[in-house]
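Colleague: Just so it is clear, I am handing over structure00.cif, which has mmCIF, C-alpha atoms.
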```cif
data_entry
loop_
_atom_site.label_atom_id
_atom_site.label_comp_id
_atom_site.auth_asym_id
_atom_site.auth_seq_id
_atom_site.Cartn_x
_atom_site.Cartn_y
_atom_site.Cartn_z
CA MET A 948 67.78 -2.49 79.14
CA TRP A 949 71.38 -1.45 79.74
CA ALA A 950 70.70 2.14 78.66
CA GLY A 951 67.92 2.30 81.23
CA ILE A 952 70.13 0.77 83.91
CA ALA A 953 72.79 3.38 83.08
CA CYS A 954 70.20 6.12 83.67
CA LEU A 955 69.28 4.61 87.03
CA ILE A 956 72.96 4.43 87.96
CA ALA A 957 73.28 8.12 87.06
CA GLY A 958 70.32 8.82 89.34
CA TYR A 959 72.01 6.84 92.10
CA VAL A 960 75.21 8.85 91.63
CA LEU A 961 73.09 11.92 92.40
CA SER A 962 71.54 10.14 95.39
CA GLN A 963 74.98 9.46 96.86
CA PHE A 964 76.03 13.03 96.06
CA TYR A 965 73.07 14.60 97.83
CA ARG A 966 73.46 12.51 100.98
CA ALA A 967 77.14 13.49 101.22
CA PHE A 968 77.43 17.09 100.01
CA LEU A 969 76.57 18.84 103.29
CA ALA A 970 79.97 17.89 104.72
CA VAL A 971 81.73 20.02 102.09
CA LEU A 972 79.16 22.84 102.17
CA THR A 973 79.42 23.20 105.98
CA PRO A 974 81.70 26.31 105.96
CA VAL A 975 79.72 28.29 103.34
CA LEU A 976 76.29 27.39 104.75
CA LYS A 977 77.48 28.41 108.21
CA ALA A 978 78.83 31.72 106.88
CA ASP A 979 75.88 32.61 104.60
CA LEU A 980 72.87 31.19 106.46
CA GLY A 981 74.14 30.74 110.00
CA ALA A 982 73.58 26.97 109.76
CA GLY A 983 75.38 25.23 112.60
CA ALA A 984 76.26 21.56 113.02
CA GLU A 985 72.91 20.77 114.68
CA ASP A 986 70.97 22.51 111.85
CA LEU A 987 72.88 20.52 109.23
CA ALA A 988 72.43 17.30 111.21
CA THR A 989 68.68 17.93 111.14
CA ALA A 990 68.79 18.60 107.40
CA SER A 991 70.76 15.41 106.79
CA SER A 992 68.40 13.47 109.07
CA LEU A 993 65.38 14.70 107.12
CA TRP A 994 66.92 13.52 103.84
CA PHE A 995 67.30 10.01 105.23
CA LEU A 996 63.94 9.97 107.03
CA ALA A 997 62.08 11.16 103.91
CA PHE A 998 63.99 8.60 101.84
CA ALA A 999 63.08 5.87 104.33
CA ALA A 1000 59.42 6.90 104.56
CA MET A 1001 59.12 6.48 100.79
CA GLN A 1002 60.45 2.92 100.74
CA VAL A 1003 57.10 1.22 101.44
CA PRO A 1004 55.20 3.15 98.75
CA VAL A 1005 58.16 2.77 96.38
CA GLY A 1006 58.12 -1.01 96.92
CA ILE A 1007 54.41 -1.20 96.18
CA ALA A 1008 54.86 1.01 93.11
CA LEU A 1009 57.72 -1.15 91.80
CA ASP A 1010 55.60 -4.30 92.04
CA ARG A 1011 52.51 -2.64 90.52
CA LEU A 1012 53.75 0.14 88.20
CA GLY A 1013 57.34 -0.87 87.47
CA PRO A 1014 60.60 1.04 87.92
CA ARG A 1015 60.30 3.39 84.91
CA ARG A 1016 57.33 5.45 86.09
CA THR A 1017 58.25 5.18 89.75
CA ALA A 1018 61.81 6.47 89.38
CA ALA A 1019 61.08 9.15 86.77
CA ALA A 1020 58.25 10.78 88.72
CA LEU A 1021 60.07 10.91 92.03
CA LEU A 1022 63.36 12.13 90.55
CA MET A 1023 61.46 15.21 89.38
CA VAL A 1024 60.56 15.83 93.03
CA GLY A 1025 64.28 15.65 93.77
CA ALA A 1026 64.96 18.30 91.12
CA LEU A 1027 62.39 20.53 92.82
CA GLY A 1028 64.13 19.97 96.16
CA ALA A 1029 67.50 21.00 94.71
CA ALA A 1030 65.89 24.20 93.42
CA VAL A 1031 64.49 24.91 96.90
CA PHE A 1032 67.98 24.33 98.35
CA ALA A 1033 69.48 26.83 95.91
CA MET A 1034 66.94 29.47 96.98
CA ALA A 1035 67.14 28.80 100.73
CA ALA A 1036 67.54 31.83 102.98
CA THR A 1037 67.42 30.05 106.35
CA PRO A 1038 68.42 26.68 107.83
CA PHE A 1039 64.73 25.69 107.66
CA GLY A 1040 64.83 26.17 103.89
CA LEU A 1041 67.77 23.78 103.70
CA GLN A 1042 65.89 21.24 105.80
CA LEU A 1043 62.76 21.41 103.62
CA ALA A 1044 64.91 21.05 100.52
CA MET A 1045 66.74 18.02 101.88
CA ALA A 1046 63.43 16.30 102.68
CA LEU A 1047 62.24 16.84 99.09
CA ILE A 1048 65.55 15.61 97.68
CA GLY A 1049 65.29 12.52 99.90
CA VAL A 1050 61.86 11.75 98.42
CA GLY A 1051 63.29 12.18 94.93
CA CYS A 1052 66.25 9.87 95.51
CA ALA A 1053 64.20 7.14 97.19
CA PRO A 1054 63.44 4.92 94.16
CA VAL A 1055 66.62 4.87 92.08
CA LEU A 1056 68.72 2.19 93.78
CA MET A 1057 65.71 -0.04 94.46
CA SER A 1058 64.58 0.32 90.84
CA GLY A 1059 67.95 -1.03 89.73
CA TYR A 1060 67.81 -3.83 92.29
CA TYR A 1061 64.28 -4.71 91.14
CA ILE A 1062 65.50 -5.08 87.55
CA PHE A 1063 68.53 -7.13 88.67
CA ALA A 1064 66.35 -9.45 90.76
CA ARG A 1065 63.79 -9.98 88.00
CA SER A 1066 65.96 -10.00 84.85
CA PHE A 1067 69.26 -11.68 85.84
CA PRO A 1068 70.29 -15.01 87.43
CA PRO A 1069 70.00 -14.89 91.25
CA ALA A 1070 73.71 -15.72 91.68
CA LEU A 1071 74.61 -12.40 90.01
CA PHE A 1072 72.48 -10.23 92.28
CA GLY A 1073 75.13 -9.53 94.91
CA THR A 1074 77.76 -8.61 92.32
CA LEU A 1075 75.38 -6.39 90.33
CA ALA A 1076 74.08 -4.75 93.50
CA GLY A 1077 77.61 -4.01 94.69
CA ALA A 1078 78.65 -2.71 91.28
CA MET A 1079 75.70 -0.30 91.18
CA VAL A 1080 76.59 0.99 94.63
CA GLY A 1081 80.25 1.23 93.64
CA LEU A 1082 79.44 3.31 90.57
CA GLY A 1083 76.93 5.31 92.56
CA ASN A 1084 79.61 6.11 95.11
CA LEU A 1085 81.20 8.25 92.42
CA GLY A 1086 78.67 10.72 93.79
CA ASN A 1087 80.62 10.62 97.04
CA ILE A 1088 83.70 11.58 95.08
CA GLY A 1089 81.83 14.36 93.28
CA ALA A 1090 80.61 15.67 96.63
CA SER A 1091 84.18 16.14 97.83
CA LEU A 1092 87.00 18.09 96.19
CA PRO A 1093 85.15 18.63 92.86
CA LEU A 1094 82.23 20.19 94.75
CA SER A 1095 84.50 22.46 96.78
CA LEU A 1096 86.17 23.64 93.54
CA ALA A 1097 82.79 24.29 91.90
CA VAL A 1098 81.59 26.26 94.92
CA GLU A 1099 84.80 28.30 94.88
CA ALA A 1100 84.41 29.02 91.16
CA PHE A 1101 80.63 29.59 90.86
CA GLY A 1102 79.26 29.95 94.38
CA TRP A 1103 77.17 27.39 96.19
CA ARG A 1104 73.79 28.62 94.92
CA ALA A 1105 74.75 28.47 91.24
CA THR A 1106 76.30 25.05 91.79
CA VAL A 1107 73.11 23.68 93.35
CA TRP A 1108 70.99 25.21 90.54
CA GLY A 1109 73.14 23.23 88.13
CA LEU A 1110 72.48 20.08 90.16
CA ALA A 1111 68.73 20.74 89.95
CA ALA A 1112 68.97 20.90 86.15
CA VAL A 1113 71.02 17.70 85.98
CA THR A 1114 68.52 15.90 88.23
CA ALA A 1115 65.58 16.94 86.02
CA ALA A 1116 67.45 15.80 82.90
CA ILE A 1117 68.17 12.36 84.37
CA ALA A 1118 64.51 12.01 85.40
CA ALA A 1119 63.51 12.66 81.79
CA LEU A 1120 66.02 10.09 80.49
CA VAL A 1121 64.71 7.50 82.97
CA ALA A 1122 61.18 8.06 81.66
CA VAL A 1123 62.36 7.47 78.08
CA LEU A 1124 64.97 4.70 78.41
CA VAL A 1125 64.16 2.44 81.37
CA ARG A 1126 62.43 -0.81 80.42
CA ASP A 1127 60.23 -2.51 83.01
CA PRO A 1128 60.82 -6.27 83.49
CA ALA A 1129 57.97 -8.71 82.98
CA ARG A 1130 55.47 -8.73 85.82
CA VAL A 1131 54.88 -11.73 88.06
CA GLU A 1132 51.34 -13.09 88.14
CA ALA A 1133 49.21 -12.66 91.25
CA GLN A 1134 51.35 -9.82 92.56
CA ALA A 1135 48.54 -8.59 94.80
CA ARG A 1136 48.92 -11.63 97.08
CA GLY A 1137 51.19 -11.14 100.05
CA SER A 1138 52.13 -8.09 102.08
CA LEU A 1139 54.85 -6.55 104.21
CA LEU A 1140 53.48 -8.51 107.17
CA ASP A 1141 54.42 -11.72 105.37
CA LEU A 1142 57.98 -10.45 105.16
CA LEU A 1143 58.09 -9.29 108.76
CA ARG A 1144 56.95 -12.74 109.89
CA MET A 1145 59.99 -14.38 108.26
CA ARG A 1146 62.32 -15.05 111.20
CA GLN A 1147 65.29 -15.56 108.85
CA LEU A 1148 65.11 -11.84 108.01
CA TRP A 1149 65.14 -10.50 111.57
CA PRO A 1150 68.93 -10.54 112.17
CA ILE A 1151 69.40 -9.16 108.65
CA PHE A 1152 67.05 -6.26 109.43
CA VAL A 1153 69.16 -5.45 112.50
CA MET A 1154 72.37 -5.50 110.48
CA MET A 1155 70.77 -3.27 107.84
CA MET A 1156 69.77 -0.81 110.56
CA LEU A 1157 73.17 -0.54 112.17
CA CYS A 1158 75.87 -1.26 109.57
CA TYR A 1159 75.16 1.53 107.07
CA ALA A 1160 74.34 4.33 109.51
CA PRO A 1161 77.94 4.92 110.70
CA VAL A 1162 79.57 5.29 107.28
CA ALA A 1163 76.65 7.27 105.81
CA ALA A 1164 76.52 9.63 108.78
CA LEU A 1165 80.25 10.29 109.01
CA ARG A 1166 80.85 10.70 105.28
CA GLY A 1167 77.57 12.52 104.72
CA LEU A 1168 78.02 15.12 107.45
CA TRP A 1169 80.31 14.69 110.43
CA VAL A 1170 83.66 14.51 108.64
CA GLY A 1171 83.23 18.15 107.58
CA PRO A 1172 82.47 19.67 111.02
CA TYR A 1173 85.04 17.36 112.64
CA TYR A 1174 87.87 18.60 110.44
CA LEU A 1175 86.64 22.21 110.67
CA ASP A 1176 86.32 22.34 114.47
CA VAL A 1177 89.20 20.09 115.51
CA PHE A 1178 91.83 20.72 112.85
CA GLY A 1179 90.72 24.13 111.45
CA ALA A 1180 90.53 22.66 107.95
CA THR A 1181 89.65 24.77 104.90
CA PRO A 1182 86.86 23.73 102.49
CA ALA A 1183 89.50 22.47 100.04
CA GLU A 1184 91.15 20.36 102.76
CA ILE A 1185 87.77 18.91 103.76
CA GLY A 1186 87.18 18.20 100.09
CA ARG A 1187 90.41 16.22 99.84
CA VAL A 1188 89.63 14.15 102.96
CA THR A 1189 86.11 13.34 101.78
CA LEU A 1190 87.53 12.52 98.33
CA TRP A 1191 89.80 9.86 99.81
CA MET A 1192 86.99 8.44 101.92
CA GLY A 1193 84.64 8.44 98.93
CA MET A 1194 87.20 6.60 96.79
CA ALA A 1195 87.56 4.00 99.53
CA MET A 1196 83.79 3.51 99.57
CA VAL A 1197 83.78 2.98 95.80
CA ALA A 1198 86.55 0.37 96.11
CA GLY A 1199 84.80 -1.37 98.99
CA SER A 1200 81.50 -1.59 97.12
CA PHE A 1201 83.22 -3.30 94.19
CA ALA A 1202 85.26 -5.59 96.45
CA TYR A 1203 82.38 -7.20 98.35
CA GLY A 1204 80.95 -9.02 95.29
CA PRO A 1205 84.14 -10.89 94.28
CA LEU A 1206 84.94 -11.60 97.93
CA GLU A 1207 81.57 -13.33 98.28
CA ARG A 1208 82.54 -15.75 95.52
CA VAL A 1209 85.91 -16.39 97.17
CA LEU A 1210 84.51 -17.01 100.66
CA LYS A 1211 81.30 -18.69 99.42
CA SER A 1212 79.51 -17.13 102.38
CA ARG A 1213 77.66 -13.85 102.66
CA LYS A 1214 77.42 -14.06 106.42
CA ARG A 1215 81.15 -14.50 107.05
CA LEU A 1216 81.97 -11.73 104.59
CA ILE A 1217 79.54 -9.28 106.20
CA LEU A 1218 80.75 -10.15 109.71
CA GLY A 1219 84.41 -9.77 108.74
CA GLY A 1220 83.95 -6.50 106.88
CA ASN A 1221 81.98 -4.89 109.69
CA LEU A 1222 84.47 -6.09 112.28
CA ILE A 1223 87.18 -4.17 110.38
CA ALA A 1224 84.89 -1.13 110.29
CA LEU A 1225 84.40 -1.43 114.06
CA VAL A 1226 88.17 -1.46 114.62
CA ALA A 1227 88.51 1.73 112.53
CA LEU A 1228 85.71 3.43 114.50
CA LEU A 1229 87.37 2.54 117.79
CA GLY A 1230 90.61 3.99 116.44
CA LEU A 1231 88.87 7.28 115.61
CA TRP A 1232 87.35 7.35 119.09
CA ALA A 1233 90.65 6.60 120.84
CA LEU A 1234 92.71 9.04 118.72
CA PRO A 1235 90.43 11.99 117.87
CA LEU A 1236 93.37 14.44 117.81
CA ALA A 1237 95.70 12.32 115.69
CA GLY A 1238 95.10 14.20 112.43
CA GLY A 1239 97.35 13.83 109.41
CA TRP A 1240 97.74 10.42 107.83
CA VAL A 1241 96.52 8.55 110.94
CA THR A 1242 93.00 10.00 110.93
CA LEU A 1243 92.83 9.88 107.15
CA ALA A 1244 93.91 6.21 107.11
CA LEU A 1245 91.27 5.31 109.69
CA LEU A 1246 88.57 7.08 107.68
CA VAL A 1247 89.70 5.37 104.46
CA LEU A 1248 89.72 1.95 106.14
CA PHE A 1249 86.31 2.65 107.64
CA GLY A 1250 84.93 3.78 104.26
CA PHE A 1251 86.26 0.68 102.51
CA ALA A 1252 84.98 -1.84 105.06
CA GLY A 1253 81.77 -0.03 105.89
CA THR A 1254 80.07 -0.46 102.50
CA SER A 1255 78.62 -3.90 103.16
CA PHE A 1256 74.96 -2.90 102.87
CA PRO A 1257 74.48 -4.10 99.24
CA MET A 1258 75.70 -7.51 100.37
CA VAL A 1259 73.33 -7.39 103.35
CA ILE A 1260 70.46 -6.66 100.94
CA ALA A 1261 71.64 -9.56 98.76
CA HIS A 1262 71.59 -11.80 101.83
CA GLY A 1263 68.02 -10.75 102.60
CA ARG A 1264 66.90 -10.98 98.97
CA ALA A 1265 67.82 -14.68 98.92
CA PHE A 1266 64.87 -15.33 101.26
CA LEU A 1267 62.27 -13.26 99.33
CA PRO A 1268 59.39 -14.77 97.31
CA ALA A 1269 59.36 -13.56 93.69
CA HIS A 1270 56.04 -11.69 93.90
CA LEU A 1271 57.30 -9.65 96.87
CA THR A 1272 60.68 -8.73 95.39
CA GLY A 1273 59.99 -5.01 95.13
CA ARG A 1274 58.47 -4.71 98.58
CA GLY A 1275 61.16 -6.95 100.06
CA VAL A 1276 64.22 -5.07 98.84
CA THR A 1277 62.64 -1.70 99.68
CA LEU A 1278 61.76 -2.96 103.17
CA LEU A 1279 65.39 -3.92 103.69
CA ASN A 1280 66.43 -0.50 102.40
CA LEU A 1281 63.93 1.18 104.73
CA PHE A 1282 65.66 -0.37 107.73
CA GLY A 1283 69.05 0.80 106.47
CA ILE A 1284 68.18 4.33 105.38
CA GLY A 1285 65.67 5.02 108.15
CA ALA A 1286 68.29 4.17 110.74
CA VAL A 1287 70.64 6.76 109.22
CA GLY A 1288 67.97 9.44 109.61
CA VAL A 1289 67.44 8.53 113.26
CA ALA A 1290 71.18 8.34 113.83
CA GLN A 1291 71.80 11.76 112.30
CA SER A 1292 69.15 13.29 114.54
CA PHE A 1293 70.57 11.54 117.59
CA THR A 1294 74.17 12.46 116.81
CA GLY A 1295 73.05 16.05 116.30
CA GLN A 1296 71.77 15.98 119.88
CA ILE A 1297 75.06 14.43 121.02
CA SER A 1298 76.97 17.23 119.30
CA ALA A 1299 74.78 19.86 120.97
CA SER A 1300 74.86 18.30 124.44
CA VAL A 1301 78.57 17.44 124.81
CA PRO A 1302 80.60 20.51 125.87
CA PRO A 1303 82.80 21.66 122.96
CA THR A 1304 85.85 22.03 125.18
CA PRO A 1305 88.00 20.32 124.18
CA PRO A 1306 86.69 20.63 120.59
CA GLU A 1307 87.18 16.94 119.82
CA ALA A 1308 84.88 15.80 122.67
CA PRO A 1309 81.56 15.83 120.71
CA TYR A 1310 83.13 13.95 117.82
CA ALA A 1311 84.74 11.33 120.06
CA ALA A 1312 81.28 10.77 121.57
CA ILE A 1313 79.80 10.31 118.08
CA PHE A 1314 82.52 7.82 117.10
CA LEU A 1315 81.87 5.85 120.30
CA PHE A 1316 78.11 5.85 119.72
CA PHE A 1317 78.53 4.31 116.27
CA ALA A 1318 81.09 1.80 117.54
CA VAL A 1319 78.68 0.56 120.22
CA THR A 1320 75.73 0.24 117.83
CA LEU A 1321 77.84 -1.59 115.27
CA ALA A 1322 79.10 -4.02 117.93
CA ILE A 1323 75.47 -4.75 118.88
CA ALA A 1324 74.63 -5.40 115.22
CA LEU A 1325 77.53 -7.86 114.88
CA ALA A 1326 76.41 -9.79 117.96
CA ILE A 1327 72.84 -10.16 116.67
CA TYR A 1328 73.76 -10.84 113.05
CA ALA A 1329 76.06 -13.66 114.16
CA MET A 1330 72.85 -15.67 114.72
CA ALA A 1331 71.64 -15.20 111.11
CA GLU A 1332 71.14 -18.09 108.72
CA ASP A 1333 73.68 -17.99 105.90
CA ARG A 1334 72.33 -18.28 102.36
CA THR A 1335 73.80 -17.74 98.90
CA ASP A 1336 72.18 -18.12 95.48
#
```
Do you think you could lay out the structure here as structure tokens?
Modeller:
Amino acid sequence: MWAGIACLIAGYVLSQFYRAFLAVLTPVLKADLGAGAEDLATASSLWFLAFAAMQVPVGIALDRLGPRRTAAALLMVGALGAAVFAMAATPFGLQLAMALIGVGCAPVLMSGYYIFARSFPPALFGTLAGAMVGLGNLGNIGASLPLSLAVEAFGWRATVWGLAAVTAAIAALVAVLVRDPARVEAQARGSLLDLLRMRQLWPIFVMMMLCYAPVAALRGLWVGPYYLDVFGATPAEIGRVTLWMGMAMVAGSFAYGPLERVLKSRKRLILGGNLIALVALLGLWALPLAGGWVTLALLVLFGFAGTSFPMVIAHGRAFLPAHLTGRGVTLLNLFGIGAVGVAQSFTGQISASVPPTPPEAPYAAIFLFFAVTLAIALAIYAMAEDRTD
């Protein structure tokens, strides 16, 4: 079982890598393909929207086929998408590739969560979920300075071809090593409508929609253009900034699980963590020209506090009936990932519509947009019913 879980974690490392690597590739994609910030925002949006669109079929497949076949088959689609990215000659090629990669990455985290929910004591779910995200966030680190060094040494196309090969290899290992947990009888009974009718989940759905989008969007794309346009940063400098933010996200993912046991409340923990993230966002909005250690510290604080979504999923999972576990956790993930896709598209329009003089103006508008949406999420989630296992 643990060998299979390790393979799924490796797949999730790739998932985190792919959702974050456009920030570092911004300068070379702009130079080689003429891809501007709006083109890359569309590409990033398509990754998240394709990922989100797959959550319902992935949930059904997990409950009916199990995680082994579901994850292995779709990861091969992700390998195909990476190959398309490596061959892209236009921004449209990048966008098509990102959609395929999003489909390929869709099942890996939920496959791990499905195994955790069905094979381990419920009280461990939040810790295991956070640990998987924490390890997966190593992909954020890989998609920072290490990626910029690889691109400098081998070129971006050769680097992405290598990623395609690694993705295909992990898909093959998943097919061989993952072990499906025992099935629950009468799995056909119940549907997504049963889940949507559960009023306890409604505030949690809102929090899922609005807590992950800011950190995923900024780390996955906007940090790169922000540092390029406002501070004239080089690819290596962008790589170092995203490295620090990625390391903070790893630390935050690991911290939420133990903090839950200390506070004995998922709701208070999620509210407190996202309030800190809101303060960091407001700091970025108020001081868009700060640069140096000030901007970096705000991004690190935001990355650390903004990784609450595994705990939000754990909060929602506590209300799920056993036979709807797969569909339930993927529905929660759909709200989180789908919102990132919508947010990336919307922030791309903000970037295009706000005059770029001064150059920080579009980015200040994006920071403010995410601060407002996160504040709305906190107000609604404050009405949620607390529950631990």
Colleague: Of the candidates A:Leu1218, A:Ala1046, A:Ala1160, A:Ala1261, which one gets nearest to Leu1071 in chain A if we count all atoms listed in the file?
Modeller: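 Closest residue, counting all atoms listed in the file: A:Ala1261.
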Colleague: Name the residues that the PyMOL selection byres ((chain A and resi 1095) around 8) pulls out of this structure, and write them as a VMD selection string.
Modeller: chain A and resid 971 to 972 1090 to 1094 1096 to 1099 1182 to 1183 1186
Colleague: Specify as JSON, numbers by chain each residue included when the PyMOL selection byres ((chain A and resi 1251) around 12) is applied to this file.
Modeller: {"A": [1081, 1084, 1162, 1166, 1191, 1192, 1193, 1194, 1195, 1196, 1197, 1198, 1199, 1200, 1201, 1202, 1203, 1220, 1221, 1223, 1224, 1225, 1227, 1244, 1245, 1246, 1247, 1248, 1249, 1250, 1252, 1253, 1254, 1255, 1256]}
Colleague: Run the PyMOL selection byres ((chain A and resi 1151) around 10) against the file shown and list the residues it catches, as a PyMOL selection string.
Modeller: chain A and resi 1146-1150+1152-1156+1214+1259-1260+1262-1263+1279+1282+1324+1327-1332
Colleague: Please measure the separation of CA of Leu1321 in chain A and CA of Gly1073 in chain A, giving the value in Å to one decimal.
Modeller: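 Pair CA of Leu1321 in chain A / CA of Gly1073 in chain A returns 22.0 Å.
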Colleague: Could you check how far CA of Thr973 in chain A sits from CA of Ala957 in chain A, in Å to one decimal?
Modeller: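 Taking CA of Thr973 in chain A and CA of Ala957 in chain A, their separation equals 25.0 Å.
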Colleague: Please tabulate, as JSON lines, the residues of range 1156-1210 of chain A that come within 12 Å of range 1294-1298 of chain A, each with its closest pair of atoms and the distance in Å to one decimal, counting all atoms listed in the file and ordering rows by chain, then residue number upward.
Modeller:
```
{"residue": "A:Ala1160", "atom": "CA", "partner": "A:Thr1294", "partner_atom": "CA", "distance": 10.9}
{"residue": "A:Pro1161", "atom": "CA", "partner": "A:Thr1294", "partner_atom": "CA", "distance": 10.4}
{"residue": "A:Ala1164", "atom": "CA", "partner": "A:Thr1294", "partner_atom": "CA", "distance": 8.8}
{"residue": "A:Leu1165", "atom": "CA", "partner": "A:Thr1294", "partner_atom": "CA", "distance": 10.1}
{"residue": "A:Leu1168", "atom": "CA", "partner": "A:Gly1295", "partner_atom": "CA", "distance": 10.2}
{"residue": "A:Trp1169", "atom": "CA", "partner": "A:Thr1294", "partner_atom": "CA", "distance": 9.1}
{"residue": "A:Pro1172", "atom": "CA", "partner": "A:Ser1298", "partner_atom": "CA", "distance": 10.2}
{"residue": "A:Tyr1173", "atom": "CA", "partner": "A:Ser1298", "partner_atom": "CA", "distance": 10.5}
{"residue": "A:Asp1176", "atom": "CA", "partner": "A:Ser1298", "partner_atom": "CA", "distance": 11.7}
```
Colleague: Write out the residues from the selection above, keeping C-alpha atoms, as a PDB file, in the frame of the given file.
Modeller:
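And here is the file that came out, again_39.pdb:
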```pdb
ATOM      1  CA  ALA A1160      74.340   4.330 109.510  1.00  0.00           C
ATOM      2  CA  PRO A1161      77.940   4.920 110.700  1.00  0.00           C
ATOM      3  CA  ALA A1164      76.520   9.630 108.780  1.00  0.00           C
ATOM      4  CA  LEU A1165      80.250  10.290 109.010  1.00  0.00           C
ATOM      5  CA  LEU A1168      78.020  15.120 107.450  1.00  0.00           C
ATOM      6  CA  TRP A1169      80.310  14.690 110.430  1.00  0.00           C
ATOM      7  CA  PRO A1172      82.470  19.670 111.020  1.00  0.00           C
ATOM      8  CA  TYR A1173      85.040  17.360 112.640  1.00  0.00           C
ATOM      9  CA  ASP A1176      86.320  22.340 114.470  1.00  0.00           C
TER      10      ASP A1176
END
```
Colleague: Calculated over only C-alpha atoms, which of the candidates A:Ala1000, A:Leu961, A:Ala1053, A:Ala982 has the smallest distance to Thr1114 in chain A?
Modeller: A:Leu961
Colleague: Can you pull out the residues contacting Arg1208 in chain A? Cut-off 12 Å, using all atoms listed in the file, and skip same-chain residues under 3 positions away; I want them as a ChimeraX atom specification.
Modeller: /A:1070-1074,1202-1205,1211-1213,1215-1216,1258,1335-1336
Colleague: Skipping near chain neighbours, those fewer than 5 positions away, what residues fall within 12 Å of Tyr1060 in chain A using only C-alpha atoms, listed as a ChimeraX atom specification?
Modeller: /A:952,955-956,959,1006,1009,1013-1014,1054-1055,1065-1067,1069,1071-1080,1128,1257-1258,1260-1261,1264,1272-1277,1279-1280
Colleague: Could you state the separation of CA of Leu1206 in chain A and CA of Thr1320 in chain A in Å, given to one decimal place?
Modeller: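 Answer for the CA of Leu1206 in chain A to CA of Thr1320 in chain A separation: 24.9 Å.
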Colleague: Would you mind listing what lies within 10 Å of Val1113 in chain A as a ChimeraX atom specification, with only C-alpha atoms counted and same-chain residues fewer than 2 positions away left out?
Modeller: /A:957-958,961,1026,1029,1107-1111,1115-1119
Colleague: Show me the residues around (66.9, 7.8, 98.0) - criterion: an atom at most 12 Å away, only C-alpha atoms counted - as a PyMOL selection string.
Modeller: chain A and resi 955+958-966+993-1002+1005+1018+1021-1022+1024-1025+1045-1058+1083+1277+1280-1281+1283-1285+1287-1288
Colleague: Which one is closest to Leu1043 in chain A: A:Thr1017, A:Asp986, A:Leu1012, A:Ala1064? Count only C-alpha atoms.
Modeller: A:Asp986
Colleague: With distances taken over only C-alpha atoms, which of A:Trp1232, A:Phe1317, A:Phe968, A:Phe1101 is nearest to Cys1158 in chain A?
Modeller: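 The answer is A:Phe1317, which sits nearest to Cys1158 in chain A.
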Colleague: With distances taken over all atoms listed in the file, which of A:Met1145, A:Ala1299, A:Leu1210, A:Leu1229 is nearest to Glu985 in chain A?
Modeller: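 Selected residue with least distance to Glu985 in chain A: A:Ala1299.
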Colleague: With all atoms listed in the file as the atoms that count, which of A:Ile1007, A:Leu1228, A:Ala1036, A:Met1023 lies nearest to Ala978 in chain A?
Modeller: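 Among A:Ile1007, A:Leu1228, A:Ala1036, A:Met1023, it is A:Ala1036 that comes nearest to Ala978 in chain A.
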